[in-house]
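> Below is the file work26.cif, with mmCIF, C-alpha atoms and all ligand atoms.
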```cif
data_data
#
loop_
_atom_site.label_atom_id
_atom_site.label_comp_id
_atom_site.auth_asym_id
_atom_site.auth_seq_id
_atom_site.Cartn_x
_atom_site.Cartn_y
_atom_site.Cartn_z
CA MET A 1 8.45 -7.51 -26.59
CA ALA A 2 12.15 -7.43 -25.74
CA GLY A 3 11.19 -7.07 -22.09
CA PHE A 4 8.75 -9.96 -22.28
CA ARG A 5 11.39 -12.17 -23.92
CA ARG A 6 13.74 -11.56 -20.99
CA PHE A 7 10.92 -12.23 -18.52
CA ARG A 8 9.98 -15.43 -20.36
CA SER A 9 13.49 -16.80 -20.49
CA LYS A 10 13.88 -16.16 -16.76
CA TYR A 11 10.61 -17.69 -15.54
CA PHE A 12 9.45 -20.17 -18.18
CA SER A 13 12.61 -21.92 -19.31
CA GLY A 14 13.35 -25.50 -18.30
CA ASP A 15 11.27 -28.00 -16.38
CA ASP A 16 11.76 -26.09 -13.15
CA GLY A 17 10.48 -22.79 -14.54
CA LEU A 18 8.65 -20.91 -11.83
CA TYR A 19 5.47 -20.60 -13.88
CA ASN A 20 5.26 -24.37 -14.30
CA ARG A 21 4.67 -24.54 -10.58
CA LEU A 22 2.53 -21.40 -10.32
CA SER A 23 0.27 -22.48 -13.15
CA SER A 24 -0.22 -26.03 -11.89
CA SER A 25 -0.60 -25.29 -8.15
CA GLY A 26 -2.07 -21.76 -8.26
CA GLN A 27 -1.01 -18.74 -6.26
CA THR A 28 -0.42 -18.76 -2.50
CA PRO A 29 0.87 -15.28 -1.68
CA LYS A 30 1.35 -14.59 2.02
CA THR A 31 1.15 -10.81 1.79
CA LEU A 32 -1.24 -8.26 0.33
CA ILE A 33 0.44 -4.96 -0.51
CA ILE A 34 -1.68 -1.88 -1.13
CA GLY A 35 0.53 0.57 -2.96
CA CYS A 36 0.30 3.73 -5.02
CA SER A 37 -0.07 3.81 -8.82
CA ASP A 38 3.05 6.01 -8.95
CA SER A 39 5.47 4.54 -11.52
CA ARG A 40 8.37 4.78 -9.07
CA VAL A 41 6.91 2.61 -6.33
CA ASP A 42 6.30 -0.86 -7.76
CA PRO A 43 5.80 -3.13 -4.72
CA ALA A 44 7.28 -6.18 -6.47
CA LEU A 45 10.43 -4.29 -7.46
CA ILE A 46 10.86 -2.60 -4.07
CA SER A 47 10.52 -5.91 -2.20
CA SER A 48 12.44 -7.95 -4.80
CA SER A 49 9.47 -10.32 -4.94
CA SER A 50 9.11 -13.12 -7.43
CA PRO A 51 5.86 -13.87 -9.28
CA GLY A 52 3.38 -15.51 -6.89
CA GLU A 53 4.83 -13.95 -3.73
CA ILE A 54 2.73 -10.82 -3.23
CA PHE A 55 -0.88 -9.95 -4.01
CA VAL A 56 -1.02 -6.30 -5.02
CA VAL A 57 -3.59 -3.53 -5.19
CA ARG A 58 -2.45 -0.19 -6.55
CA ASN A 59 -4.45 3.02 -6.60
CA VAL A 60 -3.96 6.77 -6.31
CA ALA A 61 -2.20 7.43 -2.97
CA ASN A 62 -2.40 3.79 -1.75
CA LEU A 63 -5.68 4.40 0.07
CA VAL A 64 -8.06 1.95 1.69
CA PRO A 65 -11.64 3.22 1.71
CA PRO A 66 -13.82 2.56 4.76
CA PHE A 67 -16.17 -0.42 4.62
CA GLU A 68 -19.34 0.58 2.79
CA SER A 69 -22.40 -1.60 2.38
CA ALA A 70 -24.04 0.55 -0.32
CA ASN A 71 -23.90 -0.81 -3.83
CA GLY A 72 -21.05 0.46 -5.93
CA PHE A 73 -17.99 -0.67 -7.81
CA HIS A 74 -15.75 -1.25 -4.81
CA GLY A 75 -12.61 -2.43 -6.58
CA VAL A 76 -10.17 -1.95 -3.71
CA SER A 77 -12.56 -3.53 -1.19
CA ALA A 78 -13.12 -6.50 -3.51
CA ALA A 79 -9.38 -7.12 -3.79
CA ILE A 80 -8.92 -6.91 -0.01
CA GLU A 81 -11.82 -9.32 0.47
CA PHE A 82 -10.37 -11.80 -2.01
CA ALA A 83 -6.91 -11.63 -0.44
CA VAL A 84 -8.19 -12.07 3.13
CA VAL A 85 -11.12 -14.44 2.66
CA ASN A 86 -9.98 -16.60 -0.26
CA LEU A 87 -6.18 -16.41 -0.32
CA LYS A 88 -5.98 -16.08 3.47
CA VAL A 89 -2.94 -13.80 3.38
CA GLU A 90 -1.01 -13.48 6.64
CA ASN A 91 -0.01 -9.84 6.24
CA ILE A 92 -1.45 -6.65 4.78
CA VAL A 93 1.01 -3.86 4.04
CA ILE A 94 -0.05 -0.29 3.26
CA LEU A 95 2.90 1.06 1.26
CA GLY A 96 3.00 4.86 1.17
CA HIS A 97 5.73 6.98 -0.33
CA ARG A 98 7.45 10.37 -0.54
CA GLN A 99 6.43 12.74 -3.37
CA CYS A 100 2.94 11.24 -3.70
CA GLY A 101 0.99 13.18 -6.33
CA GLY A 102 -2.39 12.27 -4.85
CA ILE A 103 -1.40 13.57 -1.43
CA ARG A 104 0.13 16.67 -3.01
CA ALA A 105 -3.20 17.40 -4.72
CA LEU A 106 -5.03 16.86 -1.44
CA VAL A 107 -2.76 19.17 0.57
CA SER A 108 -2.63 21.89 -2.10
CA GLY A 109 -6.40 21.73 -2.73
CA GLY A 110 -5.95 22.47 -6.46
CA THR A 111 -8.34 21.86 -9.34
CA GLN A 112 -7.77 18.07 -9.13
CA MET A 113 -9.56 18.20 -5.81
CA GLU A 114 -12.89 19.31 -7.26
CA LYS A 115 -15.61 16.84 -6.33
CA THR A 116 -16.41 16.27 -10.01
CA SER A 117 -12.89 14.89 -10.49
CA PHE A 118 -12.39 11.17 -9.82
CA VAL A 119 -9.13 11.98 -8.03
CA GLY A 120 -10.82 14.69 -5.96
CA HIS A 121 -13.60 12.38 -4.84
CA TRP A 122 -11.20 9.48 -4.17
CA MET A 123 -8.86 11.63 -2.07
CA GLU A 124 -11.76 12.45 0.27
CA ILE A 125 -10.73 9.22 2.03
CA ALA A 126 -7.64 11.06 3.31
CA ARG A 127 -9.34 14.34 4.21
CA THR A 128 -9.21 13.67 7.96
CA ALA A 129 -5.50 12.83 7.61
CA LYS A 130 -4.92 16.21 5.97
CA GLU A 131 -6.91 18.00 8.68
CA ARG A 132 -4.90 16.29 11.44
CA VAL A 133 -1.62 17.32 9.77
CA LEU A 134 -2.64 20.93 9.14
CA LYS A 135 -3.78 21.23 12.73
CA ARG A 136 -0.54 20.03 14.30
CA SER A 137 1.92 21.17 11.60
CA ALA A 138 0.52 24.52 10.47
CA GLY A 139 3.97 26.10 10.69
CA LEU A 140 5.69 23.63 8.39
CA ASP A 141 6.35 24.40 4.74
CA PHE A 142 4.29 22.77 2.00
CA GLU A 143 6.70 19.89 1.28
CA ALA A 144 6.98 19.00 4.96
CA GLN A 145 3.19 19.04 5.27
CA CYS A 146 2.91 16.74 2.25
CA LYS A 147 5.39 14.30 3.82
CA GLU A 148 3.47 14.34 7.11
CA CYS A 149 0.22 13.77 5.24
CA GLU A 150 1.71 10.88 3.21
CA MET A 151 2.44 9.16 6.52
CA GLU A 152 -0.82 10.18 8.20
CA ALA A 153 -2.86 8.79 5.28
CA ILE A 154 -1.21 5.39 5.85
CA ILE A 155 -2.56 5.49 9.40
CA THR A 156 -6.03 6.37 8.05
CA SER A 157 -5.88 3.38 5.71
CA LEU A 158 -4.83 1.08 8.57
CA GLU A 159 -7.83 2.37 10.56
CA ASN A 160 -10.12 1.84 7.56
CA LEU A 161 -8.87 -1.74 7.12
CA LYS A 162 -10.29 -2.49 10.57
CA THR A 163 -13.77 -1.38 9.46
CA PHE A 164 -14.01 -4.50 7.24
CA PRO A 165 -15.67 -7.32 9.23
CA PHE A 166 -13.61 -10.04 7.49
CA VAL A 167 -10.35 -8.21 8.32
CA LEU A 168 -11.30 -7.91 11.99
CA ASP A 169 -12.34 -11.55 12.00
CA ALA A 170 -9.00 -12.65 10.48
CA ILE A 171 -7.06 -10.57 13.01
CA GLY A 172 -8.95 -12.26 15.83
CA THR A 173 -9.06 -15.82 14.60
CA ARG A 174 -5.81 -16.35 12.69
CA ASP A 175 -3.56 -13.40 13.66
CA LEU A 176 -3.67 -11.47 10.38
CA LYS A 177 -1.06 -8.70 10.71
CA LEU A 178 -1.33 -5.13 9.42
CA PHE A 179 1.70 -2.99 8.58
CA GLY A 180 2.11 0.63 7.55
CA ILE A 181 5.29 1.16 5.55
CA TYR A 182 6.59 4.44 4.11
CA PHE A 183 9.10 4.45 1.24
CA ASP A 184 11.23 7.59 1.11
CA LEU A 185 12.23 7.49 -2.55
CA GLU A 186 14.54 10.48 -2.08
CA GLN A 187 16.66 8.71 0.53
CA GLY A 188 16.08 5.07 -0.41
CA GLN A 189 14.82 4.30 3.10
CA LEU A 190 11.83 2.51 4.61
CA PHE A 191 9.89 3.56 7.71
CA GLU A 192 7.38 1.47 9.62
CA PHE A 193 4.36 2.70 11.57
CA ASP A 194 4.71 1.91 15.27
CA PRO A 195 1.37 2.10 17.09
CA ALA A 196 3.22 2.40 20.43
CA ILE A 197 4.54 5.84 19.45
CA SER A 198 1.79 6.70 16.94
CA GLY A 199 4.58 7.48 14.51
CA PHE A 200 7.02 6.01 12.02
CA LYS A 201 10.41 4.46 12.78
CA GLN A 202 13.17 4.00 10.22
CA LEU A 203 13.87 0.35 9.44
CA GLU A 204 17.48 -0.74 9.66
CA ILE A 205 17.64 -2.26 6.22
CA ASP A 206 21.33 -3.14 6.29
CA LYS A 207 20.91 -5.55 9.17
CA ALA A 208 20.63 -9.22 8.31
CA GLY A 209 17.29 -10.76 9.15
CA ASP A 210 15.36 -7.49 9.13
CA LYS A 211 11.75 -7.99 10.05
CA LEU A 212 9.96 -6.69 6.95
CA LEU A 213 8.12 -9.45 5.06
ZN ZN B 301 1.52 8.16 -4.62
#
```
Show this structure as structure tokens.
Ligand SMILES: [Zn+2]

Amino acid sequence: MAGFRRFRSKYFSGDDGLYNRLSSSGQTPKTLIIGCSDSRVDPALISSSSPGEIFVVRNVANLVPPFESANGFHGVSAAIEFAVVNLKVENIVILGHRQCGGIRALVSGGTQMEKTSFVGHWMEIARTAKERVLKRSAGLDFEAQCKECEMEAIITSLENLKTFPFVLDAIGTRDLKLFGIYFDLEQGQLFEFDPAISGFKQLEIDKAGDKLL
């Protein structure tokens, strides 16, 4: 309650309170961020966003499943559809991070990865990412393999985004942009996927006018 009181006094006080505008005109976020459920990687906090600025989906390991037409409870796909088709966001950001527990479970192959576990079944989305990493980085230690896989899974999710017909359509007709961003929470740094090098480049966050969002 103390936290909500602070939030309320910041956003609801006075005639120009932000929520006066957001409640009367609705939301018009320009960016969809798909982030991890990890308590340390809140997209709104990391991007210093105000209410109404970003549309957010969070799940274990910030994964995008491939487009599937079979019936099911496709929560992530539904949120992507709403953001792209209804809100007409201009950007989609996959926000991965260092020390991801979902990726750690995937790489270690522990009991969480049993198919009967929700996490185990969900992480199947990133299985090809793990296989790519183990193939090219077999000599690396476990932590380094996890870090590689955290980044590789972002690339898998970017590929999966393009299996959704409405995403492809928005890219072609109104220049919807896709970004893969990696948050190194040990160093406090951001990296961006660069398709030209099929890898991640560190963003120069101290420069004025940096390109992110
Ligand atoms: Zn995570």
> Any idea what the distance is between atom CA of A:Thr128 and atom CA of A:Arg104?
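Computed distance, atom CA of A:Thr128 to atom CA of A:Arg104, equals 14.7 Å.
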> From the set A:Leu32, A:Val85, A:Val107, A:Ile54, which residue has the shortest atom-to-atom contact distance to A:Phe179, counting all atoms listed in the file?
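Using all atoms listed in the file, the shortest distance to A:Phe179 belongs to A:Leu32.
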> Could you please extract the residues within 6 Å of ligand ZN 301 (chain B), counting all atoms listed in the file, and hand them back as a VMD selection string?
chain A and resid 36 38 60 to 61 100 to 102
> Write to file, as a compact mmCIF listing (two decimals), keeping the file's coordinate frame, the residues of the selection just made, with C-alpha atoms.

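Once everything was written out, this is again06.txt:
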```
# COMPACT_ATOMS: atom_id res chain seq x y z
CA CYS A 36 0.30 3.73 -5.02
CA ASP A 38 3.05 6.01 -8.95
CA VAL A 60 -3.96 6.77 -6.31
CA ALA A 61 -2.20 7.43 -2.97
CA CYS A 100 2.94 11.24 -3.70
CA GLY A 101 0.99 13.18 -6.33
CA GLY A 102 -2.39 12.27 -4.85
```
> Have a look at atom CA of A:Gly188 and atom CA of A:Gln99 and let me know their distance in Å, one decimal.
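Taking atom CA of A:Gly188 as the start and atom CA of A:Gln99 as the end point, the length is 12.7 Å.
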> Name all residues at most 8 Å from A:Thr163 (count all atoms listed in the file; drop same-chain ones fewer than 4 positions away) and give them as a PDB file with C-alpha atoms, in the coordinates of the input.

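Produced file selection.pdb, reproduced below:
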```pdb
ATOM      1  CA  PRO A  66     -13.820   2.560   4.760  1.00  0.00           C
ATOM      2  CA  PHE A  67     -16.170  -0.420   4.620  1.00  0.00           C
ATOM      3  CA  GLU A 159      -7.830   2.370  10.560  1.00  0.00           C
ATOM      4  CA  VAL A 167     -10.350  -8.210   8.320  1.00  0.00           C
ATOM      5  CA  LEU A 168     -11.300  -7.910  11.990  1.00  0.00           C
TER       6      LEU A 168
END
```
> Looking at A:Ser49, A:Ser108, A:Ser69, A:Ser37, which one is nearest to A:Gly96, with distances taken over all atoms listed in the file?
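Ranking A:Ser49, A:Ser108, A:Ser69, A:Ser37 by distance to A:Gly96, first place goes to A:Ser37.
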> Might you pull out every residue within 10 Å of A:Met123, with all atoms listed in the file counted and same-chain residues fewer than 6 positions away left off, and present them as a PDB file with C-alpha atoms, in the coordinates of the input?

```pdb
ATOM      1  CA  VAL A  60      -3.960   6.770  -6.310  1.00  0.00           C
ATOM      2  CA  ALA A  61      -2.200   7.430  -2.970  1.00  0.00           C
ATOM      3  CA  LEU A  63      -5.680   4.400   0.070  1.00  0.00           C
ATOM      4  CA  PRO A  65     -11.640   3.220   1.710  1.00  0.00           C
ATOM      5  CA  GLY A 102      -2.390  12.270  -4.850  1.00  0.00           C
ATOM      6  CA  ILE A 103      -1.400  13.570  -1.430  1.00  0.00           C
ATOM      7  CA  ALA A 105      -3.200  17.400  -4.720  1.00  0.00           C
ATOM      8  CA  LEU A 106      -5.030  16.860  -1.440  1.00  0.00           C
ATOM      9  CA  GLN A 112      -7.770  18.070  -9.130  1.00  0.00           C
ATOM     10  CA  MET A 113      -9.560  18.200  -5.810  1.00  0.00           C
ATOM     11  CA  LYS A 115     -15.610  16.840  -6.330  1.00  0.00           C
ATOM     12  CA  SER A 117     -12.890  14.890 -10.490  1.00  0.00           C
ATOM     13  CA  ALA A 153      -2.860   8.790   5.280  1.00  0.00           C
TER      14      ALA A 153
END
```
> First collect every listed atom of stretch 16-35 of chain A; then fit an axis-aligned box around them, widen it by 4 Å on each side, and give centre and edge lengths in Å to one decimal, as JSON.

```
{"center_x": 4.8, "center_y": -12.8, "center_z": -6.3, "size_x": 21.8, "size_y": 34.7, "size_z": 24.6}
```
> Grab the atom CA of A:Leu22 to atom CA of A:Val89 distance for me, in Å with one decimal place.
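Separating atom CA of A:Leu22 from atom CA of A:Val89 is a distance of 16.6 Å.
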> Measuring atom to atom with only C-alpha atoms, identify which of A:Ala196, A:Val57, A:Glu131, A:Gly26 is nearest to A:Ala78.
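Closest residue, counting only C-alpha atoms: A:Val57.
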> Neighbouring residues of A:Ile181 were defined as those with any atom within 8 Å, considering only C-alpha atoms; residues of the same chain fewer than 6 positions away were excluded. Please report them as a list in words.
Val93, Ile94, Leu95, Gly96, Ile154, Leu190, Phe191, Glu192 and Phe193 of chain A
